[in-house]
$ cat final_4.cif   # mmCIF, N, CA and C atoms
data_model
loop_
_atom_site.label_atom_id
_atom_site.label_comp_id
_atom_site.auth_asym_id
_atom_site.auth_seq_id
_atom_site.Cartn_x
_atom_site.Cartn_y
_atom_site.Cartn_z
N MET J 1 5.66 22.22 17.14
CA MET J 1 4.53 21.34 17.07
C MET J 1 4.96 19.97 17.60
N GLN J 2 4.20 19.44 18.50
CA GLN J 2 4.46 18.11 19.06
C GLN J 2 3.67 17.06 18.27
N PRO J 3 4.23 15.89 18.10
CA PRO J 3 3.45 14.83 17.45
C PRO J 3 2.32 14.36 18.36
N LEU J 4 1.31 13.80 17.74
CA LEU J 4 0.20 13.25 18.49
C LEU J 4 0.63 11.97 19.19
N SER J 5 0.07 11.72 20.35
CA SER J 5 0.25 10.41 20.97
C SER J 5 -0.57 9.42 20.14
N PHE J 6 -0.34 8.13 20.33
CA PHE J 6 -1.13 7.16 19.56
C PHE J 6 -2.61 7.26 19.91
N ALA J 7 -2.93 7.53 21.17
CA ALA J 7 -4.34 7.67 21.56
C ALA J 7 -4.98 8.85 20.82
N GLU J 8 -4.27 9.97 20.72
CA GLU J 8 -4.78 11.12 19.98
C GLU J 8 -4.92 10.80 18.50
N PHE J 9 -3.90 10.14 17.96
CA PHE J 9 -3.91 9.74 16.55
C PHE J 9 -5.11 8.85 16.28
N MET J 10 -5.33 7.87 17.15
CA MET J 10 -6.41 6.91 16.99
C MET J 10 -7.78 7.58 17.10
N SER J 11 -7.87 8.64 17.90
CA SER J 11 -9.17 9.30 18.09
C SER J 11 -9.69 9.96 16.82
N VAL J 12 -8.81 10.24 15.86
CA VAL J 12 -9.25 10.85 14.60
C VAL J 12 -8.99 9.98 13.37
N TYR J 13 -8.42 8.81 13.59
CA TYR J 13 -8.13 7.89 12.48
C TYR J 13 -9.38 7.10 12.15
N ASN J 14 -9.72 7.02 10.89
CA ASN J 14 -10.98 6.39 10.48
C ASN J 14 -10.79 4.99 9.94
N SER J 15 -10.22 4.11 10.72
CA SER J 15 -10.06 2.72 10.30
C SER J 15 -9.75 1.88 11.52
N ARG J 16 -9.33 0.63 11.25
CA ARG J 16 -9.03 -0.29 12.34
C ARG J 16 -7.79 0.15 13.12
N GLN J 17 -7.72 -0.27 14.36
CA GLN J 17 -6.60 0.09 15.23
C GLN J 17 -5.28 -0.47 14.67
N TYR J 18 -5.31 -1.67 14.11
CA TYR J 18 -4.13 -2.28 13.52
C TYR J 18 -3.57 -1.39 12.39
N ASP J 19 -4.47 -0.91 11.51
CA ASP J 19 -4.04 -0.04 10.41
C ASP J 19 -3.51 1.29 10.94
N ALA J 20 -4.16 1.80 11.97
CA ALA J 20 -3.71 3.06 12.57
C ALA J 20 -2.31 2.91 13.15
N TRP J 21 -2.08 1.79 13.84
CA TRP J 21 -0.77 1.56 14.44
C TRP J 21 0.31 1.46 13.37
N ASN J 22 0.03 0.74 12.29
CA ASN J 22 1.00 0.63 11.20
C ASN J 22 1.33 1.99 10.61
N GLU J 23 0.31 2.80 10.41
CA GLU J 23 0.54 4.13 9.85
C GLU J 23 1.29 5.03 10.84
N TYR J 24 0.94 4.94 12.09
CA TYR J 24 1.59 5.73 13.14
C TYR J 24 3.07 5.37 13.24
N ILE J 25 3.37 4.09 13.19
CA ILE J 25 4.77 3.64 13.26
C ILE J 25 5.53 4.04 12.00
N LEU J 26 4.89 3.93 10.85
CA LEU J 26 5.56 4.23 9.59
C LEU J 26 5.78 5.72 9.38
N TYR J 27 4.76 6.55 9.63
CA TYR J 27 4.84 7.97 9.30
C TYR J 27 4.98 8.89 10.51
N GLY J 28 4.74 8.37 11.70
CA GLY J 28 4.82 9.21 12.88
C GLY J 28 3.48 9.85 13.21
N GLY J 29 3.49 10.70 14.20
CA GLY J 29 2.24 11.26 14.70
C GLY J 29 2.01 12.72 14.40
N LEU J 30 2.65 13.26 13.38
CA LEU J 30 2.39 14.66 13.04
C LEU J 30 0.95 14.80 12.54
N PRO J 31 0.23 15.79 13.02
CA PRO J 31 -1.18 15.91 12.68
C PRO J 31 -1.47 15.98 11.17
N LEU J 32 -0.63 16.65 10.40
CA LEU J 32 -0.88 16.78 8.97
C LEU J 32 -0.88 15.44 8.24
N ILE J 33 -0.17 14.47 8.77
CA ILE J 33 -0.13 13.14 8.17
C ILE J 33 -1.55 12.58 8.02
N LEU J 34 -2.41 12.86 8.98
CA LEU J 34 -3.79 12.35 8.93
C LEU J 34 -4.59 12.95 7.79
N LEU J 35 -4.20 14.12 7.32
CA LEU J 35 -4.94 14.78 6.25
C LEU J 35 -4.46 14.39 4.85
N LEU J 36 -3.31 13.80 4.76
CA LEU J 36 -2.76 13.42 3.46
C LEU J 36 -3.27 12.03 3.07
N PRO J 37 -3.88 11.91 1.90
CA PRO J 37 -4.57 10.66 1.56
C PRO J 37 -3.67 9.51 1.06
N THR J 38 -2.53 9.82 0.44
CA THR J 38 -1.76 8.73 -0.16
C THR J 38 -0.40 8.56 0.53
N PRO J 39 0.13 7.35 0.48
CA PRO J 39 1.47 7.12 1.04
C PRO J 39 2.53 8.02 0.40
N LYS J 40 2.42 8.25 -0.90
CA LYS J 40 3.39 9.09 -1.60
C LYS J 40 3.36 10.52 -1.05
N GLN J 41 2.16 11.06 -0.82
CA GLN J 41 2.06 12.41 -0.27
C GLN J 41 2.62 12.48 1.14
N LYS J 42 2.38 11.46 1.93
CA LYS J 42 2.89 11.43 3.30
C LYS J 42 4.42 11.37 3.31
N THR J 43 4.97 10.54 2.44
CA THR J 43 6.42 10.41 2.35
C THR J 43 7.05 11.72 1.88
N GLU J 44 6.45 12.34 0.88
CA GLU J 44 6.98 13.61 0.37
C GLU J 44 6.91 14.70 1.44
N PHE J 45 5.81 14.72 2.18
CA PHE J 45 5.67 15.70 3.27
C PHE J 45 6.81 15.53 4.28
N LEU J 46 7.07 14.29 4.69
CA LEU J 46 8.12 14.04 5.69
C LEU J 46 9.50 14.36 5.15
N LYS J 47 9.75 14.02 3.88
CA LYS J 47 11.05 14.35 3.27
C LYS J 47 11.25 15.87 3.22
N ASN J 48 10.22 16.58 2.80
CA ASN J 48 10.32 18.04 2.72
C ASN J 48 10.49 18.66 4.10
N LEU J 49 9.78 18.13 5.07
CA LEU J 49 9.91 18.63 6.44
C LEU J 49 11.34 18.41 6.96
N PHE J 50 11.88 17.24 6.72
CA PHE J 50 13.26 16.94 7.13
C PHE J 50 14.23 17.88 6.44
N ARG J 51 14.04 18.05 5.14
CA ARG J 51 14.94 18.91 4.36
C ARG J 51 14.85 20.37 4.84
N GLU J 52 13.65 20.88 5.02
CA GLU J 52 13.48 22.28 5.41
C GLU J 52 13.91 22.53 6.86
N THR J 53 13.55 21.60 7.74
CA THR J 53 13.80 21.83 9.16
C THR J 53 15.25 21.58 9.53
N TYR J 54 15.81 20.50 9.06
CA TYR J 54 17.15 20.10 9.49
C TYR J 54 18.22 20.45 8.47
N ILE J 55 18.07 19.96 7.27
CA ILE J 55 19.15 20.09 6.29
C ILE J 55 19.43 21.55 5.95
N ASN J 56 18.39 22.29 5.60
CA ASN J 56 18.61 23.70 5.25
C ASN J 56 19.13 24.50 6.43
N ALA J 57 18.70 24.16 7.63
CA ALA J 57 19.22 24.86 8.82
C ALA J 57 20.71 24.58 8.99
N LEU J 58 21.13 23.34 8.80
CA LEU J 58 22.56 23.01 8.92
C LEU J 58 23.37 23.67 7.82
N ILE J 59 22.83 23.67 6.61
CA ILE J 59 23.53 24.29 5.48
C ILE J 59 23.74 25.78 5.76
N GLY J 60 22.72 26.44 6.26
CA GLY J 60 22.83 27.86 6.58
C GLY J 60 23.75 28.12 7.76
N ARG J 61 23.62 27.34 8.82
CA ARG J 61 24.42 27.56 10.03
C ARG J 61 25.90 27.36 9.77
N HIS J 62 26.23 26.35 8.98
CA HIS J 62 27.65 26.02 8.75
C HIS J 62 28.16 26.52 7.40
N ASN J 63 27.34 27.29 6.71
CA ASN J 63 27.73 27.87 5.42
C ASN J 63 28.27 26.79 4.46
N ILE J 64 27.52 25.72 4.33
CA ILE J 64 27.92 24.61 3.46
C ILE J 64 27.71 25.02 2.01
N LYS J 65 28.76 24.92 1.24
CA LYS J 65 28.71 25.35 -0.17
C LYS J 65 28.15 24.25 -1.09
N ASN J 66 28.47 23.00 -0.79
CA ASN J 66 28.06 21.88 -1.64
C ASN J 66 26.83 21.19 -1.07
N LYS J 67 25.69 21.82 -1.23
CA LYS J 67 24.43 21.30 -0.68
C LYS J 67 24.13 19.89 -1.19
N ASN J 68 24.30 19.68 -2.49
CA ASN J 68 23.99 18.37 -3.07
C ASN J 68 24.86 17.26 -2.48
N GLU J 69 26.14 17.53 -2.31
CA GLU J 69 27.04 16.53 -1.74
C GLU J 69 26.69 16.25 -0.29
N PHE J 70 26.30 17.27 0.45
CA PHE J 70 25.89 17.10 1.84
C PHE J 70 24.66 16.19 1.91
N GLU J 71 23.68 16.44 1.05
CA GLU J 71 22.48 15.61 1.02
C GLU J 71 22.80 14.18 0.56
N GLU J 72 23.73 14.05 -0.39
CA GLU J 72 24.13 12.72 -0.85
C GLU J 72 24.85 11.95 0.25
N LEU J 73 25.64 12.64 1.07
CA LEU J 73 26.29 11.99 2.20
C LEU J 73 25.24 11.41 3.14
N ILE J 74 24.18 12.15 3.39
CA ILE J 74 23.10 11.66 4.24
C ILE J 74 22.47 10.41 3.62
N ASP J 75 22.27 10.41 2.31
CA ASP J 75 21.72 9.23 1.63
C ASP J 75 22.66 8.03 1.74
N ILE J 76 23.94 8.27 1.56
CA ILE J 76 24.92 7.18 1.66
C ILE J 76 24.94 6.63 3.08
N LEU J 77 24.95 7.51 4.07
CA LEU J 77 24.94 7.06 5.47
C LEU J 77 23.69 6.24 5.76
N SER J 78 22.55 6.68 5.25
CA SER J 78 21.31 5.95 5.54
C SER J 78 21.29 4.59 4.87
N SER J 79 22.03 4.41 3.80
CA SER J 79 22.10 3.10 3.16
C SER J 79 23.12 2.18 3.83
N ARG J 80 23.92 2.73 4.74
CA ARG J 80 24.95 1.95 5.43
C ARG J 80 24.71 1.89 6.94
N ILE J 81 23.49 2.02 7.35
CA ILE J 81 23.18 2.02 8.79
C ILE J 81 23.82 0.81 9.46
N GLY J 82 24.58 1.07 10.50
CA GLY J 82 25.18 0.00 11.29
C GLY J 82 26.41 -0.63 10.67
N SER J 83 26.81 -0.17 9.50
CA SER J 83 28.03 -0.70 8.88
C SER J 83 29.23 0.11 9.34
N LEU J 84 30.36 -0.56 9.42
CA LEU J 84 31.59 0.16 9.76
C LEU J 84 31.94 1.11 8.62
N THR J 85 32.24 2.34 8.98
CA THR J 85 32.58 3.32 7.97
C THR J 85 33.50 4.38 8.58
N ASN J 86 34.11 5.14 7.72
CA ASN J 86 34.95 6.25 8.15
C ASN J 86 34.96 7.29 7.03
N PRO J 87 35.44 8.49 7.31
CA PRO J 87 35.42 9.54 6.29
C PRO J 87 36.17 9.17 5.00
N LYS J 88 37.28 8.46 5.12
CA LYS J 88 38.02 8.07 3.91
C LYS J 88 37.20 7.11 3.06
N LYS J 89 36.56 6.15 3.71
CA LYS J 89 35.70 5.20 3.00
C LYS J 89 34.55 5.94 2.30
N LEU J 90 33.99 6.93 2.97
CA LEU J 90 32.91 7.71 2.37
C LEU J 90 33.42 8.54 1.19
N ALA J 91 34.62 9.12 1.32
CA ALA J 91 35.21 9.88 0.22
C ALA J 91 35.45 8.96 -0.98
N ASP J 92 35.90 7.74 -0.71
CA ASP J 92 36.11 6.77 -1.78
C ASP J 92 34.79 6.41 -2.46
N THR J 93 33.72 6.31 -1.69
CA THR J 93 32.41 6.02 -2.26
C THR J 93 31.97 7.15 -3.18
N PHE J 94 32.18 8.39 -2.76
CA PHE J 94 31.84 9.51 -3.63
C PHE J 94 32.64 9.46 -4.93
N ARG J 95 33.90 9.12 -4.82
CA ARG J 95 34.76 9.08 -5.99
C ARG J 95 34.34 7.96 -6.94
N SER J 96 34.06 6.77 -6.41
CA SER J 96 33.77 5.63 -7.27
C SER J 96 32.32 5.58 -7.74
N LYS J 97 31.37 5.87 -6.88
CA LYS J 97 29.95 5.72 -7.23
C LYS J 97 29.33 6.99 -7.78
N LYS J 98 29.78 8.14 -7.29
CA LYS J 98 29.17 9.41 -7.67
C LYS J 98 30.05 10.22 -8.62
N GLN J 99 31.28 9.74 -8.85
CA GLN J 99 32.25 10.46 -9.68
C GLN J 99 32.42 11.91 -9.20
N LYS J 100 32.49 12.06 -7.86
CA LYS J 100 32.70 13.37 -7.26
C LYS J 100 33.84 13.25 -6.26
N SER J 101 34.60 14.33 -6.15
CA SER J 101 35.71 14.33 -5.21
C SER J 101 35.39 15.26 -4.04
N ILE J 102 35.33 14.66 -2.85
CA ILE J 102 35.10 15.44 -1.63
C ILE J 102 36.24 15.12 -0.67
N ALA J 103 36.83 16.14 -0.11
CA ALA J 103 37.95 15.96 0.81
C ALA J 103 37.50 15.22 2.06
N VAL J 104 38.40 14.40 2.57
CA VAL J 104 38.12 13.64 3.79
C VAL J 104 37.78 14.58 4.95
N ASN J 105 38.48 15.70 5.06
CA ASN J 105 38.19 16.66 6.13
C ASN J 105 36.79 17.27 5.99
N THR J 106 36.36 17.49 4.77
CA THR J 106 35.00 18.01 4.54
C THR J 106 33.98 16.99 5.03
N ILE J 107 34.19 15.73 4.72
CA ILE J 107 33.27 14.68 5.17
C ILE J 107 33.28 14.59 6.69
N LYS J 108 34.47 14.70 7.30
CA LYS J 108 34.55 14.71 8.77
C LYS J 108 33.70 15.84 9.34
N ASN J 109 33.82 17.01 8.74
CA ASN J 109 33.03 18.16 9.21
C ASN J 109 31.54 17.90 9.05
N TYR J 110 31.13 17.37 7.90
CA TYR J 110 29.72 17.08 7.66
C TYR J 110 29.19 16.09 8.70
N LEU J 111 29.97 15.06 9.00
CA LEU J 111 29.55 14.07 10.00
C LEU J 111 29.41 14.71 11.37
N GLU J 112 30.33 15.60 11.72
CA GLU J 112 30.24 16.32 12.99
C GLU J 112 28.98 17.18 13.05
N TYR J 113 28.67 17.86 11.94
CA TYR J 113 27.47 18.69 11.91
C TYR J 113 26.23 17.84 12.17
N LEU J 114 26.17 16.68 11.52
CA LEU J 114 25.01 15.79 11.69
C LEU J 114 24.92 15.25 13.11
N CYS J 115 26.06 14.93 13.69
CA CYS J 115 26.08 14.43 15.09
C CYS J 115 25.71 15.55 16.06
N ASP J 116 26.26 16.74 15.86
CA ASP J 116 25.98 17.87 16.74
C ASP J 116 24.51 18.29 16.68
N ALA J 117 23.86 18.06 15.54
CA ALA J 117 22.44 18.41 15.38
C ALA J 117 21.52 17.28 15.85
N PHE J 118 22.10 16.20 16.39
CA PHE J 118 21.35 15.05 16.89
C PHE J 118 20.54 14.35 15.79
N ILE J 119 21.01 14.44 14.56
CA ILE J 119 20.38 13.71 13.46
C ILE J 119 20.97 12.32 13.37
N VAL J 120 22.27 12.24 13.62
CA VAL J 120 23.01 10.99 13.53
C VAL J 120 23.74 10.74 14.84
N ASN J 121 23.78 9.50 15.25
CA ASN J 121 24.60 9.07 16.40
C ASN J 121 25.80 8.30 15.89
N ARG J 122 26.93 8.55 16.51
CA ARG J 122 28.15 7.80 16.19
C ARG J 122 28.37 6.77 17.29
N ALA J 123 28.56 5.54 16.88
CA ALA J 123 28.88 4.48 17.84
C ALA J 123 30.38 4.24 17.78
N ILE J 124 31.07 4.57 18.86
CA ILE J 124 32.51 4.40 18.92
C ILE J 124 32.81 2.99 19.42
N ARG J 125 33.69 2.31 18.73
CA ARG J 125 34.03 0.94 19.08
C ARG J 125 35.03 0.91 20.23
N TYR J 126 34.96 -0.14 21.03
CA TYR J 126 35.84 -0.29 22.18
C TYR J 126 36.58 -1.62 22.08
N ASN J 127 37.92 -1.57 22.22
CA ASN J 127 38.74 -2.75 22.19
C ASN J 127 38.87 -3.27 23.63
N ILE J 128 38.22 -4.37 23.91
CA ILE J 128 38.19 -4.91 25.28
C ILE J 128 39.58 -5.37 25.72
N LYS J 129 40.33 -5.99 24.83
CA LYS J 129 41.65 -6.50 25.20
C LYS J 129 42.62 -5.39 25.57
N GLU J 130 42.58 -4.30 24.80
CA GLU J 130 43.53 -3.21 25.05
C GLU J 130 42.93 -2.11 25.93
N HIS J 131 41.69 -2.24 26.31
CA HIS J 131 41.00 -1.28 27.18
C HIS J 131 41.08 0.15 26.65
N LYS J 132 40.74 0.30 25.37
CA LYS J 132 40.72 1.64 24.79
C LYS J 132 39.72 1.69 23.64
N TYR J 133 39.33 2.91 23.32
CA TYR J 133 38.41 3.12 22.21
C TYR J 133 39.18 3.06 20.90
N ILE J 134 38.52 2.54 19.88
CA ILE J 134 39.09 2.48 18.53
C ILE J 134 38.54 3.68 17.77
N ASP J 135 39.43 4.50 17.27
CA ASP J 135 39.02 5.75 16.63
C ASP J 135 38.24 5.53 15.34
N THR J 136 38.65 4.59 14.53
CA THR J 136 38.01 4.38 13.24
C THR J 136 38.16 2.92 12.85
N PRO J 137 37.33 2.32 12.08
CA PRO J 137 36.06 2.84 11.60
C PRO J 137 35.00 2.85 12.69
N GLN J 138 33.94 3.59 12.42
CA GLN J 138 32.85 3.72 13.38
C GLN J 138 31.53 3.35 12.69
N LYS J 139 30.48 3.29 13.49
CA LYS J 139 29.14 3.05 12.95
C LYS J 139 28.31 4.30 13.20
N TYR J 140 27.40 4.58 12.27
CA TYR J 140 26.52 5.73 12.41
C TYR J 140 25.08 5.25 12.32
N TYR J 141 24.23 5.84 13.17
CA TYR J 141 22.81 5.51 13.21
C TYR J 141 22.01 6.78 13.22
N PHE J 142 20.90 6.79 12.49
CA PHE J 142 20.01 7.94 12.53
C PHE J 142 19.14 7.89 13.76
N LYS J 143 18.83 9.05 14.30
CA LYS J 143 17.91 9.13 15.44
C LYS J 143 16.50 9.13 14.88
N GLY J 144 15.61 8.46 15.55
CA GLY J 144 14.20 8.48 15.15
C GLY J 144 13.99 7.87 13.79
N GLY J 145 12.97 8.32 13.10
CA GLY J 145 12.58 7.77 11.81
C GLY J 145 13.02 8.63 10.66
N GLN J 146 14.30 8.63 10.26
CA GLN J 146 14.79 9.41 9.17
C GLN J 146 14.55 8.68 7.87
N PRO J 147 14.52 9.48 6.77
CA PRO J 147 14.34 8.86 5.46
C PRO J 147 15.55 8.11 5.01
#

$ encode --input "final_4.cif" --output "structure tokens"
Amino acid sequence: MQPLSFAEFMSVYNSRQYDAWNEYILYGGLPLILLLPTPKQKTEFLKNLFRETYINALIGRHNIKNKNEFEELIDILSSRIGSLTNPKKLADTFRSKKQKSIAVNTIKNYLEYLCDAFIVNRAIRYNIKEHKYIDTPQKYYFKGGQP
């Protein structure tokens, strides 16, 4: 299913163009969004769609045993958008904030899965003086409008 263009969205939206644009930018152009009356329902629909389409597919494809930790990693990444981070720092966050122990290699794998699925982009830093890439820490950004 392709999202609606803004012109298509606007052709069935029953309010001002300004309100339509705000809703289109906030929730996207999936047709079902137009049928859901409340912001809470729209948000829940998008979260469930993300979870069913992407997260469960990755969990199944890579045989991820710790589904909750994988989802929590996504939440932690989304709260650190554009911040320098690395797998060890993320493992430390799990240990201190979540009281859970996840191996650094497991987190590396999870990050690779998210990057390979085009959910997350990794921004690799470049040292101009030494003319080489810096392996860690890196920045991660979500593609599109993720929760």

$ atom_distance --input "final_4.cif" --atom1 "atom N of Thr85 in chain J" --atom2 "CA of Lys139 in chain J"
5.1 Å

$ closest_residue --input "final_4.cif" --among "J:Phe70, J:Cys115, J:Gln17, J:Leu30" --to "Leu4 in chain J" --atoms "all atoms listed in the file"
J:Leu30

$ resolve_selection --input "final_4.cif" --expression "the PyMOL selection byres (((chain J and resi 20-29 and name CA) around 8) and name CA)" --output "list of chain:residue names"
J:Pro3, J:Leu4, J:Ser5, J:Phe6, J:Phe9, J:Met10, J:Tyr13, J:Ser15, J:Arg16, J:Gln17, J:Tyr18, J:Asp19, J:Leu30, J:Pro31, J:Ile33, J:Lys42, J:Thr43, J:Leu46, J:Gly145

$ atom_distance --input "final_4.cif" --atom1 "atom N of Leu58 in chain J" --atom2 "CA of Val104 in chain J"
20.2 Å

$ atom_distance --input "final_4.cif" --atom1 "CA of Tyr113 in chain J" --atom2 "atom N of His62 in chain J"
8.3 Å

$ decode --input "final_4.cif" --residues "range 24-34 of chain J" --atoms "all heavy atoms" --output "PDB file, in the first residue's frame"
ATOM      1  N   TYR J  24      -1.078  15.511   8.053  1.00  0.00           N
ATOM      2  CA  TYR J  24      -0.320  14.753   7.055  1.00  0.00           C
ATOM      3  C   TYR J  24       1.150  14.647   7.464  1.00  0.00           C
ATOM      4  O   TYR J  24       1.763  13.581   7.373  1.00  0.00           O
ATOM      5  CB  TYR J  24      -0.461  15.432   5.692  1.00  0.00           C
ATOM      6  CG  TYR J  24       0.158  14.681   4.547  1.00  0.00           C
ATOM      7  CD1 TYR J  24      -0.483  13.587   3.973  1.00  0.00           C
ATOM      8  CD2 TYR J  24       1.389  15.070   4.016  1.00  0.00           C
ATOM      9  CE1 TYR J  24       0.066  12.900   2.900  1.00  0.00           C
ATOM     10  CE2 TYR J  24       1.953  14.387   2.939  1.00  0.00           C
ATOM     11  CZ  TYR J  24       1.289  13.305   2.398  1.00  0.00           C
ATOM     12  OH  TYR J  24       1.847  12.631   1.346  1.00  0.00           O
ATOM     13  N   ILE J  25       1.708  15.738   7.941  1.00  0.00           N
ATOM     14  CA  ILE J  25       3.111  15.743   8.384  1.00  0.00           C
ATOM     15  C   ILE J  25       3.283  14.901   9.644  1.00  0.00           C
ATOM     16  O   ILE J  25       4.262  14.175   9.785  1.00  0.00           O
ATOM     17  CB  ILE J  25       3.596  17.192   8.627  1.00  0.00           C
ATOM     18  CG1 ILE J  25       3.686  17.944   7.315  1.00  0.00           C
ATOM     19  CG2 ILE J  25       4.916  17.230   9.365  1.00  0.00           C
ATOM     20  CD1 ILE J  25       4.682  17.361   6.344  1.00  0.00           C
ATOM     21  N   LEU J  26       2.334  14.994  10.557  1.00  0.00           N
ATOM     22  CA  LEU J  26       2.444  14.279  11.824  1.00  0.00           C
ATOM     23  C   LEU J  26       2.222  12.776  11.676  1.00  0.00           C
ATOM     24  O   LEU J  26       3.000  11.976  12.199  1.00  0.00           O
ATOM     25  CB  LEU J  26       1.445  14.859  12.835  1.00  0.00           C
ATOM     26  CG  LEU J  26       1.472  14.273  14.230  1.00  0.00           C
ATOM     27  CD1 LEU J  26       2.844  14.496  14.879  1.00  0.00           C
ATOM     28  CD2 LEU J  26       0.384  14.907  15.079  1.00  0.00           C
ATOM     29  N   TYR J  27       1.177  12.370  10.941  1.00  0.00           N
ATOM     30  CA  TYR J  27       0.804  10.963  10.878  1.00  0.00           C
ATOM     31  C   TYR J  27       1.128  10.277   9.552  1.00  0.00           C
ATOM     32  O   TYR J  27       1.052   9.065   9.450  1.00  0.00           O
ATOM     33  CB  TYR J  27      -0.695  10.803  11.147  1.00  0.00           C
ATOM     34  CG  TYR J  27      -1.118  11.312  12.499  1.00  0.00           C
ATOM     35  CD1 TYR J  27      -1.941  12.420  12.606  1.00  0.00           C
ATOM     36  CD2 TYR J  27      -0.692  10.694  13.666  1.00  0.00           C
ATOM     37  CE1 TYR J  27      -2.335  12.898  13.842  1.00  0.00           C
ATOM     38  CE2 TYR J  27      -1.071  11.160  14.906  1.00  0.00           C
ATOM     39  CZ  TYR J  27      -1.897  12.265  14.985  1.00  0.00           C
ATOM     40  OH  TYR J  27      -2.279  12.734  16.208  1.00  0.00           O
ATOM     41  N   GLY J  28       1.433  11.051   8.532  1.00  0.00           N
ATOM     42  CA  GLY J  28       1.712  10.455   7.236  1.00  0.00           C
ATOM     43  C   GLY J  28       0.454  10.340   6.394  1.00  0.00           C
ATOM     44  O   GLY J  28      -0.623  10.777   6.785  1.00  0.00           O
ATOM     45  N   GLY J  29       0.596   9.717   5.250  1.00  0.00           N
ATOM     46  CA  GLY J  29      -0.497   9.680   4.293  1.00  0.00           C
ATOM     47  C   GLY J  29      -1.157   8.336   4.111  1.00  0.00           C
ATOM     48  O   GLY J  29      -1.768   8.090   3.069  1.00  0.00           O
ATOM     49  N   LEU J  30      -1.055   7.444   5.082  1.00  0.00           N
ATOM     50  CA  LEU J  30      -1.736   6.163   4.938  1.00  0.00           C
ATOM     51  C   LEU J  30      -3.248   6.385   4.973  1.00  0.00           C
ATOM     52  O   LEU J  30      -3.754   7.111   5.828  1.00  0.00           O
ATOM     53  CB  LEU J  30      -1.316   5.192   6.037  1.00  0.00           C
ATOM     54  CG  LEU J  30       0.137   4.734   5.968  1.00  0.00           C
ATOM     55  CD1 LEU J  30       0.493   3.864   7.152  1.00  0.00           C
ATOM     56  CD2 LEU J  30       0.401   3.984   4.672  1.00  0.00           C
ATOM     57  N   PRO J  31      -3.972   5.766   4.059  1.00  0.00           N
ATOM     58  CA  PRO J  31      -5.408   6.033   3.955  1.00  0.00           C
ATOM     59  C   PRO J  31      -6.198   5.788   5.246  1.00  0.00           C
ATOM     60  O   PRO J  31      -7.113   6.547   5.566  1.00  0.00           O
ATOM     61  CB  PRO J  31      -5.862   5.068   2.853  1.00  0.00           C
ATOM     62  CG  PRO J  31      -4.646   4.862   2.016  1.00  0.00           C
ATOM     63  CD  PRO J  31      -3.499   4.901   2.981  1.00  0.00           C
ATOM     64  N   LEU J  32      -5.854   4.762   6.010  1.00  0.00           N
ATOM     65  CA  LEU J  32      -6.602   4.453   7.225  1.00  0.00           C
ATOM     66  C   LEU J  32      -6.523   5.577   8.257  1.00  0.00           C
ATOM     67  O   LEU J  32      -7.434   5.747   9.068  1.00  0.00           O
ATOM     68  CB  LEU J  32      -6.118   3.131   7.828  1.00  0.00           C
ATOM     69  CG  LEU J  32      -6.946   2.568   8.971  1.00  0.00           C
ATOM     70  CD1 LEU J  32      -8.420   2.406   8.566  1.00  0.00           C
ATOM     71  CD2 LEU J  32      -6.398   1.248   9.424  1.00  0.00           C
ATOM     72  N   ILE J  33      -5.478   6.354   8.226  1.00  0.00           N
ATOM     73  CA  ILE J  33      -5.329   7.478   9.156  1.00  0.00           C
ATOM     74  C   ILE J  33      -6.538   8.411   9.059  1.00  0.00           C
ATOM     75  O   ILE J  33      -7.005   8.950  10.058  1.00  0.00           O
ATOM     76  CB  ILE J  33      -4.014   8.253   8.878  1.00  0.00           C
ATOM     77  CG1 ILE J  33      -2.814   7.412   9.291  1.00  0.00           C
ATOM     78  CG2 ILE J  33      -3.983   9.609   9.556  1.00  0.00           C
ATOM     79  CD1 ILE J  33      -2.696   7.147  10.766  1.00  0.00           C
ATOM     80  N   LEU J  34      -7.059   8.592   7.861  1.00  0.00           N
ATOM     81  CA  LEU J  34      -8.208   9.485   7.659  1.00  0.00           C
ATOM     82  C   LEU J  34      -9.472   8.967   8.335  1.00  0.00           C
ATOM     83  O   LEU J  34     -10.365   9.749   8.662  1.00  0.00           O
ATOM     84  CB  LEU J  34      -8.466   9.680   6.166  1.00  0.00           C
ATOM     85  CG  LEU J  34      -7.416  10.513   5.454  1.00  0.00           C
ATOM     86  CD1 LEU J  34      -7.496  10.308   3.954  1.00  0.00           C
ATOM     87  CD2 LEU J  34      -7.575  11.981   5.816  1.00  0.00           C
TER      88      LEU J  34
END
